file run15.pdb (PDB, C-alpha atoms)
ATOM      1  CA  MET I  10       0.000   0.000   0.000
ATOM      2  CA  PRO I  11       1.429   3.447  -0.906
ATOM      3  CA  LYS I  12       2.149   5.717   2.073
ATOM      4  CA  LEU I  13       2.349   9.454   2.456
ATOM      5  CA  LYS I  14       5.682  10.256   4.092
ATOM      6  CA  LYS I  15       5.745  12.606   7.062
ATOM      7  CA  THR I  16       8.535  14.554   5.386
ATOM      8  CA  SER I  17       6.229  15.291   2.453
ATOM      9  CA  ILE I  18       3.510  16.516   4.807
ATOM     10  CA  THR I  19       5.984  18.747   6.666
ATOM     11  CA  ALA I  20       7.403  20.117   3.413
ATOM     12  CA  LYS I  21       3.910  20.963   2.208
ATOM     13  CA  LYS I  22       3.165  22.761   5.494
ATOM     14  CA  GLY I  23       6.246  24.903   5.011
ATOM     15  CA  VAL I  24       5.271  25.840   1.466
ATOM     16  CA  ASN I  25       1.700  26.599   2.546
ATOM     17  CA  PHE I  26       2.933  28.698   5.487
ATOM     18  CA  ILE I  27       5.030  30.916   3.215
ATOM     19  CA  ARG I  28       2.278  31.033   0.602
ATOM     20  CA  GLY I  29      -0.212  32.186   3.258
ATOM     21  CA  ILE I  30       2.011  35.027   4.461
ATOM     22  CA  VAL I  31       2.816  36.188   0.944
ATOM     23  CA  GLU I  32      -0.752  36.123  -0.333
ATOM     24  CA  GLU I  33      -2.248  37.643   2.827
ATOM     25  CA  ASN I  34       0.051  40.618   2.271
ATOM     26  CA  GLY I  35      -0.996  41.139  -1.310
ATOM     27  CA  SER I  36       1.951  39.653  -3.180
ATOM     28  CA  VAL I  37       1.920  36.741  -5.622
ATOM     29  CA  PHE I  38       3.237  33.258  -4.825
ATOM     30  CA  HIS I  39       4.173  31.170  -7.856
ATOM     31  CA  LYS I  40       4.769  27.578  -6.776
ATOM     32  CA  ILE I  41       7.191  25.478  -8.785
ATOM     33  CA  GLU I  42       5.983  21.898  -8.992
ATOM     34  CA  GLN I  43       8.294  19.206  -7.657
ATOM     35  CA  ASP I  44       9.012  17.750 -11.109
ATOM     36  CA  ASN I  45      10.497  21.116 -12.107
ATOM     37  CA  ASP I  46      12.199  21.871  -8.756
ATOM     38  CA  PHE I  47      15.950  22.191  -9.235
ATOM     39  CA  GLY I  48      16.518  24.161  -6.020
ATOM     40  CA  ILE I  49      13.787  26.801  -6.201
ATOM     41  CA  ASP I  50      10.410  25.981  -4.635
ATOM     42  CA  CYS I  51       8.614  29.184  -5.554
ATOM     43  CA  ILE I  52       8.921  32.633  -7.027
ATOM     44  CA  VAL I  53       7.433  35.534  -5.084
ATOM     45  CA  GLU I  54       6.377  38.623  -7.009
ATOM     46  CA  PHE I  55       6.031  41.612  -4.689
ATOM     47  CA  PHE I  56       3.251  44.191  -4.714
ATOM     48  CA  ILE I  57       2.781  47.339  -2.657
ATOM     49  CA  GLY I  58      -0.945  47.835  -2.377
ATOM     50  CA  GLU I  59      -2.276  47.168  -5.878
ATOM     51  CA  ASN I  60       0.926  48.208  -7.597
ATOM     52  CA  PRO I  61       3.713  45.837  -8.610
ATOM     53  CA  ALA I  62       7.027  46.560  -6.886
ATOM     54  CA  ASN I  63       8.874  45.298  -9.989
ATOM     55  CA  LYS I  64      10.789  42.897  -7.792
ATOM     56  CA  SER I  65      10.696  39.100  -7.652
ATOM     57  CA  ILE I  66      12.805  36.544  -5.800
ATOM     58  CA  GLY I  67      13.289  32.806  -5.930
ATOM     59  CA  ILE I  68      12.905  30.897  -2.657
ATOM     60  CA  GLN I  69      14.104  27.494  -1.471
ATOM     61  CA  ILE I  70      11.977  26.279   1.458
ATOM     62  CA  LYS I  71      13.118  23.696   3.991
ATOM     63  CA  SER I  72      10.677  22.458   6.642
ATOM     64  CA  GLY I  73      11.142  20.627   9.915
ATOM     65  CA  SER I  74      13.269  20.404  13.022
ATOM     66  CA  SER I  75      16.136  18.686  11.192
ATOM     67  CA  TYR I  76      16.996  22.066   9.634
ATOM     68  CA  ILE I  77      17.220  23.847  12.999
ATOM     69  CA  ILE I  78      20.190  23.464  15.351
ATOM     70  CA  ARG I  79      18.789  24.416  18.741
ATOM     71  CA  THR I  80      22.095  24.220  20.627
ATOM     72  CA  ASN I  81      23.368  27.381  18.941
ATOM     73  CA  ASN I  82      20.104  28.779  17.542
ATOM     74  CA  THR I  83      20.997  28.409  13.888
ATOM     75  CA  ALA I  84      19.258  27.181  10.751
ATOM     76  CA  ILE I  85      20.813  25.020   8.063
ATOM     77  CA  ILE I  86      20.122  24.565   4.347
ATOM     78  CA  PRO I  87      22.185  21.924   2.501
ATOM     79  CA  VAL I  88      23.828  23.193  -0.676
ATOM     80  CA  ASP I  89      23.991  19.714  -2.279
ATOM     81  CA  ASP I  90      24.296  20.147  -6.039
ATOM     82  CA  HIS I  91      22.395  23.454  -6.144
ATOM     83  CA  TYR I  92      25.440  25.750  -5.940
ATOM     84  CA  ASP I  93      25.780  26.619  -9.634
ATOM     85  CA  TYR I  94      22.016  26.807 -10.095
ATOM     86  CA  TRP I  95      21.618  29.263  -7.210
ATOM     87  CA  VAL I  96      24.559  31.545  -7.917
ATOM     88  CA  ASN I  97      23.659  31.800 -11.624
ATOM     89  CA  TYR I  98      19.902  32.131 -11.154
ATOM     90  CA  SER I  99      18.501  35.237 -12.842
ATOM     91  CA  LEU I 100      16.637  36.386  -9.704
ATOM     92  CA  PRO I 101      17.845  36.948  -6.135
ATOM     93  CA  VAL I 102      17.634  33.645  -4.247
ATOM     94  CA  TYR I 103      16.558  33.338  -0.624
ATOM     95  CA  GLY I 104      16.396  30.321   1.638
ATOM     96  CA  ILE I 105      13.678  29.875   4.266
ATOM     97  CA  VAL I 106      13.600  27.284   7.037
ATOM     98  CA  TYR I 107      10.102  26.675   8.443
ATOM     99  CA  ASN I 108       9.681  25.793  12.108
ATOM    100  CA  GLU I 109       6.285  24.123  12.514
ATOM    101  CA  SER I 110       6.438  24.093  16.324
ATOM    102  CA  ASN I 111       6.108  27.884  16.649
ATOM    103  CA  ALA I 112       4.717  28.858  13.224
ATOM    104  CA  GLU I 113       7.797  30.842  12.292
ATOM    105  CA  SER I 114      10.362  30.712   9.545
ATOM    106  CA  TYR I 115      13.865  32.112   9.151
ATOM    107  CA  TRP I 116      15.315  33.549   5.964
ATOM    108  CA  VAL I 117      18.754  34.023   4.468
ATOM    109  CA  ASP I 118      20.082  35.609   1.286
ATOM    110  CA  ILE I 119      21.521  32.511  -0.410
ATOM    111  CA  LYS I 120      23.464  34.314  -3.141
ATOM    112  CA  LYS I 121      25.087  36.663  -0.622
ATOM    113  CA  TYR I 122      25.945  33.781   1.700
ATOM    114  CA  LEU I 123      27.526  31.707  -1.063
ATOM    115  CA  ALA I 124      29.483  34.695  -2.371
ATOM    116  CA  GLN I 125      31.024  35.039   1.078
ATOM    117  CA  ASN I 126      31.349  31.279   1.729
ATOM    118  CA  PRO I 127      31.800  29.557  -1.642
ATOM    119  CA  ASP I 128      33.259  26.356  -0.138
ATOM    120  CA  HIS I 129      30.521  25.699   2.420
ATOM    121  CA  LYS I 130      28.554  22.492   1.953
ATOM    122  CA  ASN I 131      25.746  23.844   4.104
ATOM    123  CA  ILE I 132      24.281  27.307   4.498
ATOM    124  CA  VAL I 133      24.340  27.790   8.269
ATOM    125  CA  TYR I 134      22.974  31.063   9.622
ATOM    126  CA  ASN I 135      21.908  32.543  12.940
ATOM    127  CA  ILE I 136      18.251  32.838  13.886
ATOM    128  CA  SER I 137      17.321  36.280  15.197
ATOM    129  CA  ARG I 138      14.504  38.785  15.149
ATOM    130  CA  SER I 139      16.031  40.327  12.031
ATOM    131  CA  ASN I 140      15.467  37.240   9.860
ATOM    132  CA  THR I 141      12.335  35.811  11.431
ATOM    133  CA  LEU I 142       9.503  35.633   8.922
ATOM    134  CA  ASN I 143       5.969  35.479  10.254
ATOM    135  CA  ALA I 144       2.730  37.313   9.572
ATOM    136  CA  THR I 145       3.841  40.347  11.604
ATOM    137  CA  ASN I 146       7.399  40.660  10.341
ATOM    138  CA  TYR I 147       6.612  40.254   6.647
ATOM    139  CA  ARG I 148       5.564  43.893   6.225
ATOM    140  CA  LYS I 149       7.605  45.246   9.125
ATOM    141  CA  LEU I 150      10.985  43.790   8.100
ATOM    142  CA  PHE I 151      11.087  41.235   5.290
ATOM    143  CA  LEU I 152       9.369  43.235   2.541
ATOM    144  CA  PRO I 153      11.161  46.550   3.280
ATOM    145  CA  ILE I 154      14.561  44.836   3.447
ATOM    146  CA  ILE I 155      13.993  43.003   0.165
ATOM    147  CA  LEU I 156      12.792  46.197  -1.538
ATOM    148  CA  GLY I 157      15.449  48.437   0.032
ATOM    149  CA  LYS I 158      12.853  50.516   1.899
ATOM    150  CA  LYS I 159      12.587  51.780   5.468
ATOM    151  CA  VAL I 160      11.728  49.054   7.955
ATOM    152  CA  GLY I 161       8.554  49.441   9.991
ATOM    153  CA  LEU I 162       9.881  49.212  13.537
ATOM    154  CA  SER I 163       8.553  51.465  16.283
ATOM    155  CA  LEU I 164      10.930  53.736  18.215
ATOM    156  CA  GLU I 165      11.028  51.271  21.113
ATOM    157  CA  GLU I 166      11.643  48.326  18.783
ATOM    158  CA  SER I 167      14.350  50.248  16.951
ATOM    159  CA  ILE I 168      16.190  50.986  20.206
ATOM    160  CA  SER I 169      15.883  47.350  21.260
ATOM    161  CA  TYR I 170      17.317  46.187  17.935
ATOM    162  CA  PHE I 171      20.090  48.794  18.055
ATOM    163  CA  GLN I 172      21.162  47.663  21.523
ATOM    164  CA  SER I 173      21.186  43.999  20.515
ATOM    165  CA  GLN I 174      24.373  41.926  20.584
ATOM    166  CA  ASN I 175      23.280  40.405  17.271
ATOM    167  CA  PHE I 176      25.089  42.125  14.384
ATOM    168  CA  ASP I 177      22.134  42.135  11.969
ATOM    169  CA  GLU I 178      19.639  43.307  14.584
ATOM    170  CA  HIS I 179      22.009  46.099  15.648
ATOM    171  CA  HIS I 180      22.374  47.411  12.098
ATOM    172  CA  ILE I 181      18.649  47.207  11.364
ATOM    173  CA  GLY I 182      17.950  49.127  14.575
ATOM    174  CA  MET I 183      20.584  51.717  13.682
ATOM    175  CA  SER I 184      19.106  52.287  10.231
ATOM    176  CA  SER I 185      15.579  52.439  11.622
ATOM    177  CA  LEU I 186      16.520  55.040  14.249
ATOM    178  CA  PHE I 187      18.261  57.200  11.674
ATOM    179  CA  ASN I 188      15.752  56.850   8.836
ATOM    180  CA  ASN I 189      12.544  56.887  10.874
ATOM    181  CA  PHE I 190      13.359  58.806  14.051
ATOM    182  CA  ILE I 191      16.068  61.306  13.163
ATOM    183  CA  ASN I 192      14.249  64.041  15.091
ATOM    184  CA  LYS I 193      13.907  62.103  18.332
ATOM    185  CA  GLU I 194      16.308  62.827  21.206
ATOM    186  CA  GLU I 195      16.322  59.096  21.994
ATOM    187  CA  THR I 196      18.030  58.413  18.660
ATOM    188  CA  TRP I 197      20.979  60.642  19.451
ATOM    189  CA  ASP I 198      21.126  59.511  23.084
ATOM    190  CA  ASN I 199      21.542  55.961  21.810
ATOM    191  CA  PHE I 200      24.039  56.824  19.060
ATOM    192  CA  ILE I 201      26.268  58.947  21.288
ATOM    193  CA  GLY I 202      25.902  56.589  24.239
ATOM    194  CA  PHE I 203      26.975  53.670  22.063
ATOM    195  CA  ILE I 204      30.270  55.209  20.990
ATOM    196  CA  GLN I 205      30.905  56.371  24.561
ATOM    197  CA  ASN I 206      30.346  52.978  26.135
ATOM    198  CA  LYS I 207      31.406  50.394  23.542
ATOM    199  CA  PRO I 208      34.939  49.326  22.534
ATOM    200  CA  ILE I 209      36.071  50.621  19.148
ATOM    201  CA  ASP I 210      35.676  47.166  17.573
ATOM    202  CA  TYR I 211      31.909  47.497  18.041
ATOM    203  CA  ILE I 212      31.632  50.950  16.435
ATOM    204  CA  SER I 213      30.851  50.917  12.720
ATOM    205  CA  GLY I 214      31.726  53.484  10.107
ATOM    206  CA  ARG I 215      28.032  53.819   9.353
ATOM    207  CA  LEU I 216      27.286  54.952  12.908
ATOM    208  CA  ILE I 217      30.049  57.566  12.720
ATOM    209  CA  TYR I 218      28.658  58.752   9.373
ATOM    210  CA  TYR I 219      25.178  59.059  10.894
ATOM    211  CA  ILE I 220      26.501  61.071  13.847
ATOM    212  CA  ALA I 221      28.379  63.352  11.416
ATOM    213  CA  HIS I 222      24.976  64.546  10.160
ATOM    214  CA  ILE I 223      24.840  66.733  13.285
ATOM    215  CA  PRO I 224      27.895  68.869  12.419
ATOM    216  CA  TRP I 225      27.517  68.002   8.693
ATOM    217  CA  HIS I 226      30.251  67.990   6.066
ATOM    218  CA  GLY I 227      30.431  68.382   2.309
ATOM    219  CA  ASP I 228      30.402  64.685   1.475
ATOM    220  CA  ILE I 229      27.144  63.814   3.192
ATOM    221  CA  PHE I 230      24.451  62.877   0.701
ATOM    222  CA  TYR I 231      21.145  62.746   2.546
ATOM    223  CA  LEU I 232      17.647  63.023   1.113
ATOM    224  CA  GLY I 233      15.561  62.175   4.177
ATOM    225  CA  GLU I 234      13.792  64.265   6.779
ATOM    226  CA  ASN I 235      15.803  67.340   7.750
ATOM    227  CA  ILE I 236      17.216  67.470  11.256
ATOM    228  CA  ASN I 237      15.262  70.210  12.973
ATOM    229  CA  PRO I 238      17.088  73.034  14.849
ATOM    230  CA  LYS I 239      16.115  71.713  18.289
ATOM    231  CA  ILE I 240      17.568  68.257  17.622
ATOM    232  CA  SER I 241      20.621  69.719  15.885
ATOM    233  CA  HIS I 242      21.337  71.781  18.991
ATOM    234  CA  TYR I 243      20.699  68.775  21.235
ATOM    235  CA  GLY I 244      23.143  66.630  19.265
ATOM    236  CA  LYS I 245      25.797  69.338  19.246
ATOM    237  CA  GLU I 246      25.518  69.676  23.006
ATOM    238  CA  LEU I 247      26.126  65.943  23.426
ATOM    239  CA  ILE I 248      29.166  66.020  21.138
ATOM    240  CA  SER I 249      30.623  69.282  22.446
ATOM    241  CA  GLY I 250      31.272  67.706  25.846
ATOM    242  CA  PHE I 251      33.467  64.846  24.593
ATOM    243  CA  ASP I 252      36.564  64.540  26.778
ATOM    244  CA  GLU I 253      40.118  63.514  25.882
ATOM    245  CA  HIS I 254      39.306  59.815  26.179
ATOM    246  CA  MET I 255      36.428  60.159  23.706
ATOM    247  CA  ILE I 256      38.473  62.193  21.221
ATOM    248  CA  ILE I 257      41.225  59.548  21.296
ATOM    249  CA  LYS I 258      38.616  56.835  20.752
ATOM    250  CA  LEU I 259      37.281  58.682  17.699
ATOM    251  CA  LEU I 260      40.779  59.250  16.318
ATOM    252  CA  SER I 261      41.497  55.536  16.775
ATOM    253  CA  LEU I 262      38.668  54.735  14.348
ATOM    254  CA  ILE I 263      40.389  56.535  11.467
ATOM    255  CA  ASP I 264      41.921  54.133   8.972
ATOM    256  CA  GLU I 265      45.698  54.615   9.005
ATOM    257  CA  GLN I 266      46.023  54.045   5.250
ATOM    258  CA  THR I 267      43.143  56.300   4.191
ATOM    259  CA  GLY I 268      43.615  58.940   6.862
ATOM    260  CA  ILE I 269      41.469  62.067   6.743
ATOM    261  CA  MET I 270      40.224  62.627   3.221
ATOM    262  CA  ARG I 271      36.977  63.366   1.447
ATOM    263  CA  GLY I 272      34.393  60.617   1.770
ATOM    264  CA  SER I 273      36.332  58.760   4.463
ATOM    265  CA  ILE I 274      35.432  57.966   8.047
ATOM    266  CA  GLY I 275      38.235  60.400   8.893
ATOM    267  CA  GLU I 276      36.241  63.250   7.377
ATOM    268  CA  SER I 277      33.207  62.364   9.488
ATOM    269  CA  ILE I 278      35.346  62.146  12.632
ATOM    270  CA  GLU I 279      37.016  65.475  11.890
ATOM    271  CA  SER I 280      33.606  67.101  11.510
ATOM    272  CA  ILE I 281      32.464  65.648  14.844
ATOM    273  CA  ILE I 282      35.596  66.809  16.678
ATOM    274  CA  SER I 283      35.335  70.239  15.047
ATOM    275  CA  ILE I 284      32.232  71.139  17.095
ATOM    276  CA  ASN I 285      33.747  70.078  20.422
ATOM    277  CA  LYS I 286      33.927  73.145  22.661
ATOM    278  CA  ASN I 287      37.349  72.173  24.042
ATOM    279  CA  LYS I 288      38.830  70.740  20.849
ATOM    280  CA  LYS I 289      42.000  72.845  20.758
ATOM    281  CA  VAL I 290      42.883  72.171  24.385
ATOM    282  CA  VAL I 291      42.168  68.452  24.057
ATOM    283  CA  LEU I 292      43.990  68.035  20.735
ATOM    284  CA  LYS I 293      47.071  69.776  22.157
ATOM    285  CA  LYS I 294      47.074  67.472  25.178
ATOM    286  CA  ILE I 295      46.900  64.459  22.873
ATOM    287  CA  ILE I 296      49.839  65.739  20.802
ATOM    288  CA  GLU I 297      51.878  66.509  23.922
ATOM    289  CA  ASN I 298      51.407  63.055  25.407
ATOM    290  CA  ASN I 299      54.205  60.758  24.214
ATOM    291  CA  GLU I 300      52.232  57.741  25.418
ATOM    292  CA  ASN I 301      49.739  58.232  22.579
ATOM    293  CA  THR I 302      50.651  56.533  19.312
ATOM    294  CA  GLU I 303      52.347  58.639  16.670
ATOM    295  CA  THR I 304      49.375  58.085  14.375
ATOM    296  CA  ILE I 305      46.925  59.493  16.940
ATOM    297  CA  ARG I 306      49.197  62.493  17.512
ATOM    298  CA  ILE I 307      49.473  63.104  13.762
ATOM    299  CA  PHE I 308      45.687  62.999  13.242
ATOM    300  CA  SER I 309      45.307  65.394  16.175
ATOM    301  CA  ALA I 310      47.844  67.772  14.609
ATOM    302  CA  MET I 311      46.075  67.650  11.256
ATOM    303  CA  ILE I 312      42.701  68.504  12.775
ATOM    304  CA  LEU I 313      44.211  71.201  14.995
ATOM    305  CA  ALA I 314      46.016  72.869  12.070
ATOM    306  CA  TYR I 315      42.963  72.610   9.816
ATOM    307  CA  ASN I 316      40.716  74.279  12.399
ATOM    308  CA  ASP I 317      43.203  76.975  13.455
ATOM    309  CA  LYS I 318      46.295  77.802  11.399
ATOM    310  CA  THR I 319      47.661  79.979  14.218
ATOM    311  CA  GLU I 320      48.418  76.799  16.163
ATOM    312  CA  VAL I 321      51.424  76.343  13.859
ATOM    313  CA  GLU I 322      53.616  77.814  16.589
ATOM    314  CA  PHE I 323      52.526  75.078  18.975
ATOM    315  CA  LEU I 324      53.144  72.421  16.317
ATOM    316  CA  ARG I 325      56.708  73.623  15.724
ATOM    317  CA  LYS I 326      57.647  71.913  18.995
ATOM    318  CA  TYR I 327      56.812  68.522  17.450
ATOM    319  CA  THR I 328      58.487  68.747  14.037
ATOM    320  CA  SER I 329      60.598  65.728  14.950
ATOM    321  CA  ILE I 330      57.519  63.829  13.767
ATOM    322  CA  GLU I 331      57.876  63.962   9.970
ATOM    323  CA  ILE I 332      54.229  64.528   9.072
ATOM    324  CA  ILE I 333      53.808  67.275  11.680
ATOM    325  CA  ASN I 334      56.909  68.881  10.197
ATOM    326  CA  ASN I 335      55.228  68.691   6.782
ATOM    327  CA  ILE I 336      52.111  70.366   8.209
ATOM    328  CA  VAL I 337      54.215  73.216   9.574
ATOM    329  CA  ASP I 338      56.029  73.623   6.246
ATOM    330  CA  PHE I 339      52.687  73.687   4.421
ATOM    331  CA  ILE I 340      51.321  76.467   6.638
ATOM    332  CA  ASP I 341      54.555  78.450   6.329
ATOM    333  CA  LYS I 342      54.345  78.213   2.550
ATOM    334  CA  PHE I 343      50.606  78.640   1.910
ATOM    335  CA  GLY I 344      49.353  80.373   5.063
ATOM    336  CA  GLU I 345      46.929  77.593   5.998
ATOM    337  CA  PHE I 346      46.534  73.821   6.186
ATOM    338  CA  GLU I 347      43.947  72.220   3.904
ATOM    339  CA  LEU I 348      42.755  68.675   4.600
ATOM    340  CA  TYR I 349      40.389  68.283   1.673
ATOM    341  CA  MET I 350      42.207  69.342  -1.478
TER     342      MET I 350
END
call {"tool": "encode", "arguments": {"input": "run15.pdb", "output": "C-alpha cells"}}
result
Amino acid sequence: MPKLKKTSITAKKGVNFIRGIVEENGSVFHKIEQDNDFGIDCIVEFFIGENPANKSIGIQIKSGSSYIIRTNNTAIIPVDDHYDYWVNYSLPVYGIVYNESNAESYWVDIKKYLAQNPDHKNIVYNISRSNTLNATNYRKLFLPIILGKKVGLSLEESISYFQSQNFDEHHIGMSSLFNNFINKEETWDNFIGFIQNKPIDYISGRLIYYIAHIPWHGDIFYLGENINPKISHYGKELISGFDEHMIIKLLSLIDEQTGIMRGSIGESIESIISINKNKKVVLKKIIENNENTETIRIFSAMILAYNDKTEVEFLRKYTSIEIINNIVDFIDKFGEFELYM
C-alpha cells in the first residue's frame, strides 16, 4: 500500500505557510511543482498595495526540526548540487527554514551567503529577530529589506534592535533610528551613548557617518527628513562635551592608510571633533602626550592645524615627527593647512 511520508507533509506545510504570508500581504506566490524543482520551490512577485514593486525573488523552502540546530540557535540549508544553479539564477535567491512548532520561519540571502562562503557544503545562519519571517514581520521587516525601503519598527523596537548583541539586529535598529526617528532625542542619546560605552571594535563606520549629520560635512548625501534646529542643537551639546578619552577613541577609528580625506570615516570624525567646545585644548594634550601613538598624535595635529592655522607655533615643537613637520612647512608656505584638497 502506498504511504504518504511525514517529510512530504511537513514540506507541504512549510510551502503553505510561506504562501499564506505572501498572499495575505498582497503579493503573488508562484509555486514550482516538484518535477520542475531544481533548487527553487517558488517565485514571489512583490506588490505594494495594488501596484507591482517590480521585484521578484526565488525561494528554497526547507521544513522541519532537522533544519534547525537548537544548541546554537541556527538554521541550516544543505547546498547539495544546487550551488551553480543558485549563484547563476537570474533572480535573487533566498532560503527559508520553516519551524512548525512555533509557526515561524527564518530567511537568508543565499546568493550573498555563497558569495562570502563559496566552499561551504551547508548554508548555516543565525536565527534572530532580524530574519524571522511570520505574519507580523513580513511587512515590518522582510518586505522593506527586500525592496530596500525603510523598515517598519517602532521607536522602542528600533532601540531594542540597536542595543542587541546580534550584528544584523544592531544594524537594522541603527538604520531604523536614523531613517525613521532622526528628530527624536532618543536616537541621538543611543548613538552617542553607544560610541561612549562600547569598545572601538563594536563601532561601525556607518554609525560615525550618521553622527556626522549633526555637524555636517560636504560629502554627506542625505535626502531624508531634515534634522530640525532643536535636535541639531541637542546633538551638538552631546558632542561638544566629549573629553580627551572620547576624542582619542574617535581618532582611533580613522583608517591609518586612508587617513582624513573626502568621503572617508576620517572626514566624518574630523567634523564631529570640530564642534567640540574644548577641541584645541584636548587636541594639544593628545599631541603633547608621548604615550599616545604617533598616528593618533598626527591625526590630532592635522585637525588642529585645519581648524586653526595659528596653532602652527605650537606644532613647531613637534616637528621631529615627519608629518607634523610637513604640516608646519605647508602652513609656512601657503598660510593655511587644507585637509580636503
call {"tool": "resolve_selection", "arguments": {"input": "run15.pdb", "expression": "the PyMOL selection byres ((chain I and resi 116-132) around 8)", "output": "ChimeraX atom specification"}}
result
/I:85-89,92,95-96,101-106,114-115,133-134,140-142
call {"tool": "residues_around", "arguments": {"input": "run15.pdb", "residues": "stretch 261-267 of chain I", "least_positions_apart": "2", "cutoff": "8 Å", "atoms": "all atoms listed in the file", "output": "mmCIF file with C-alpha atoms, keeping the file's coordinate frame"}}
result
data_model
loop_
_atom_site.group_PDB
_atom_site.id
_atom_site.type_symbol
_atom_site.label_atom_id
_atom_site.label_comp_id
_atom_site.auth_asym_id
_atom_site.auth_seq_id
_atom_site.Cartn_x
_atom_site.Cartn_y
_atom_site.Cartn_z
ATOM 1 C CA ILE I 209 36.071 50.621 19.148
ATOM 2 C CA ILE I 257 41.225 59.548 21.296
ATOM 3 C CA LYS I 258 38.616 56.835 20.752
ATOM 4 C CA LEU I 259 37.281 58.682 17.699
ATOM 5 C CA ILE I 269 41.469 62.067 6.743
ATOM 6 C CA MET I 270 40.224 62.627 3.221
ATOM 7 C CA SER I 273 36.332 58.760 4.463
ATOM 8 C CA ILE I 274 35.432 57.966 8.047
ATOM 9 C CA GLY I 275 38.235 60.400 8.893
ATOM 10 C CA ILE I 278 35.346 62.146 12.632
ATOM 11 C CA THR I 304 49.375 58.085 14.375
ATOM 12 C CA ILE I 305 46.925 59.493 16.940
#
call {"tool": "axis_aligned_box", "arguments": {"input": "run15.pdb", "around": "stretch 251-267 of chain I", "padding_each_side": "3 Å", "output": "AutoDock Vina command-line options"}}
result
--center_x 39.7 --center_y 59.4 --center_z 15.5 --size_x 18.6 --size_y 16.8 --size_z 28.6
call {"tool": "atom_distance", "arguments": {"input": "run15.pdb", "atom1": "atom CA of I:Leu164", "atom2": "atom CA of I:Ser277"}}
result
25.4 Å
call {"tool": "atom_distance", "arguments": {"input": "run15.pdb", "atom1": "atom CA of I:Ile256", "atom2": "atom CA of I:Trp225"}}
result
17.6 Å
call {"tool": "closest_residue", "arguments": {"input": "run15.pdb", "among": "I:Val160, I:Leu247, I:Ile282, I:Ile154", "to": "I:Trp197", "atoms": "all atoms listed in the file"}}
result
I:Leu247
call {"tool": "residues_around", "arguments": {"input": "run15.pdb", "residues": "stretch 248-255 of chain I", "least_positions_apart": "4", "cutoff": "6 Å", "atoms": "all atoms listed in the file", "output": "CSV table (one decimal) with C-alpha atoms, in the coordinates of the input"}}
result
chain,number,residue,atom,x,y,z
I,284,ILE,CA,32.2,71.1,17.1
I,285,ASN,CA,33.7,70.1,20.4
I,286,LYS,CA,33.9,73.1,22.7
I,291,VAL,CA,42.2,68.5,24.1
call {"tool": "atom_distance", "arguments": {"input": "run15.pdb", "atom1": "atom CA of I:Ser74", "atom2": "atom CA of I:Ile18"}}
result
13.3 Å
call {"tool": "residues_around", "arguments": {"input": "run15.pdb", "residues": "I:Glu165", "least_positions_apart": "4", "cutoff": "12 Å", "atoms": "only C-alpha atoms", "output": "JSON, numbers by chain"}}
result
{"I": [161, 169, 170, 171, 172, 182, 185, 186, 189, 190, 193, 195, 196, 199]}
call {"tool": "residues_around", "arguments": {"input": "run15.pdb", "residues": "I:Arg306", "least_positions_apart": "6", "cutoff": "12 Å", "atoms": "only C-alpha atoms", "output": "tab-separated table (two decimals) with C-alpha atoms, in the frame of the given file"}}
result
chain	number	residue	atom	x	y	z
I	256	ILE	CA	38.47	62.19	21.22
I	257	ILE	CA	41.22	59.55	21.30
I	260	LEU	CA	40.78	59.25	16.32
I	261	SER	CA	41.50	55.54	16.77
I	291	VAL	CA	42.17	68.45	24.06
I	292	LEU	CA	43.99	68.04	20.74
I	293	LYS	CA	47.07	69.78	22.16
I	294	LYS	CA	47.07	67.47	25.18
I	295	ILE	CA	46.90	64.46	22.87
I	296	ILE	CA	49.84	65.74	20.80
I	297	GLU	CA	51.88	66.51	23.92
I	298	ASN	CA	51.41	63.06	25.41
I	299	ASN	CA	54.20	60.76	24.21
I	300	GLU	CA	52.23	57.74	25.42
I	312	ILE	CA	42.70	68.50	12.78
I	313	LEU	CA	44.21	71.20	15.00
I	324	LEU	CA	53.14	72.42	16.32
I	327	TYR	CA	56.81	68.52	17.45
I	328	THR	CA	58.49	68.75	14.04
I	330	ILE	CA	57.52	63.83	13.77
I	331	GLU	CA	57.88	63.96	9.97
I	332	ILE	CA	54.23	64.53	9.07
I	333	ILE	CA	53.81	67.28	11.68
call {"tool": "residues_near_point", "arguments": {"input": "run15.pdb", "point": "(11.2, 19.3, 11.0)", "cutoff": "8 Å", "atoms": "all atoms listed in the file", "output": "ChimeraX atom specification"}}
result
/I:16,19,72-77,107-109
call {"tool": "write_last_selection", "arguments": {"input": "run15.pdb", "atoms": "C-alpha atoms", "output": "tab-separated table (two decimals), in the frame of the given file"}}
result
chain	number	residue	atom	x	y	z
I	16	THR	CA	8.54	14.55	5.39
I	19	THR	CA	5.98	18.75	6.67
I	72	SER	CA	10.68	22.46	6.64
I	73	GLY	CA	11.14	20.63	9.91
I	74	SER	CA	13.27	20.40	13.02
I	75	SER	CA	16.14	18.69	11.19
I	76	TYR	CA	17.00	22.07	9.63
I	77	ILE	CA	17.22	23.85	13.00
I	107	TYR	CA	10.10	26.68	8.44
I	108	ASN	CA	9.68	25.79	12.11
I	109	GLU	CA	6.28	24.12	12.51
call {"tool": "resolve_selection", "arguments": {"input": "run15.pdb", "expression": "the PyMOL selection byres ((chain I and resi 62) around 12)", "output": "list in words"}}
result
Gly35, Ser36, Val37, Val53, Glu54, Phe55, Phe56, Ile57, Gly58, Glu59, Asn60, Pro61, Asn63, Lys64, Ser65, Ile66, Leu152, Pro153, Ile155, Leu156, Gly157 and Lys158 of chain I
call {"tool": "closest_residue", "arguments": {"input": "run15.pdb", "among": "I:Ile70, I:Ile236, I:Ala314, I:Ile41", "to": "I:Ala20", "atoms": "only C-alpha atoms"}}
result
I:Ile70
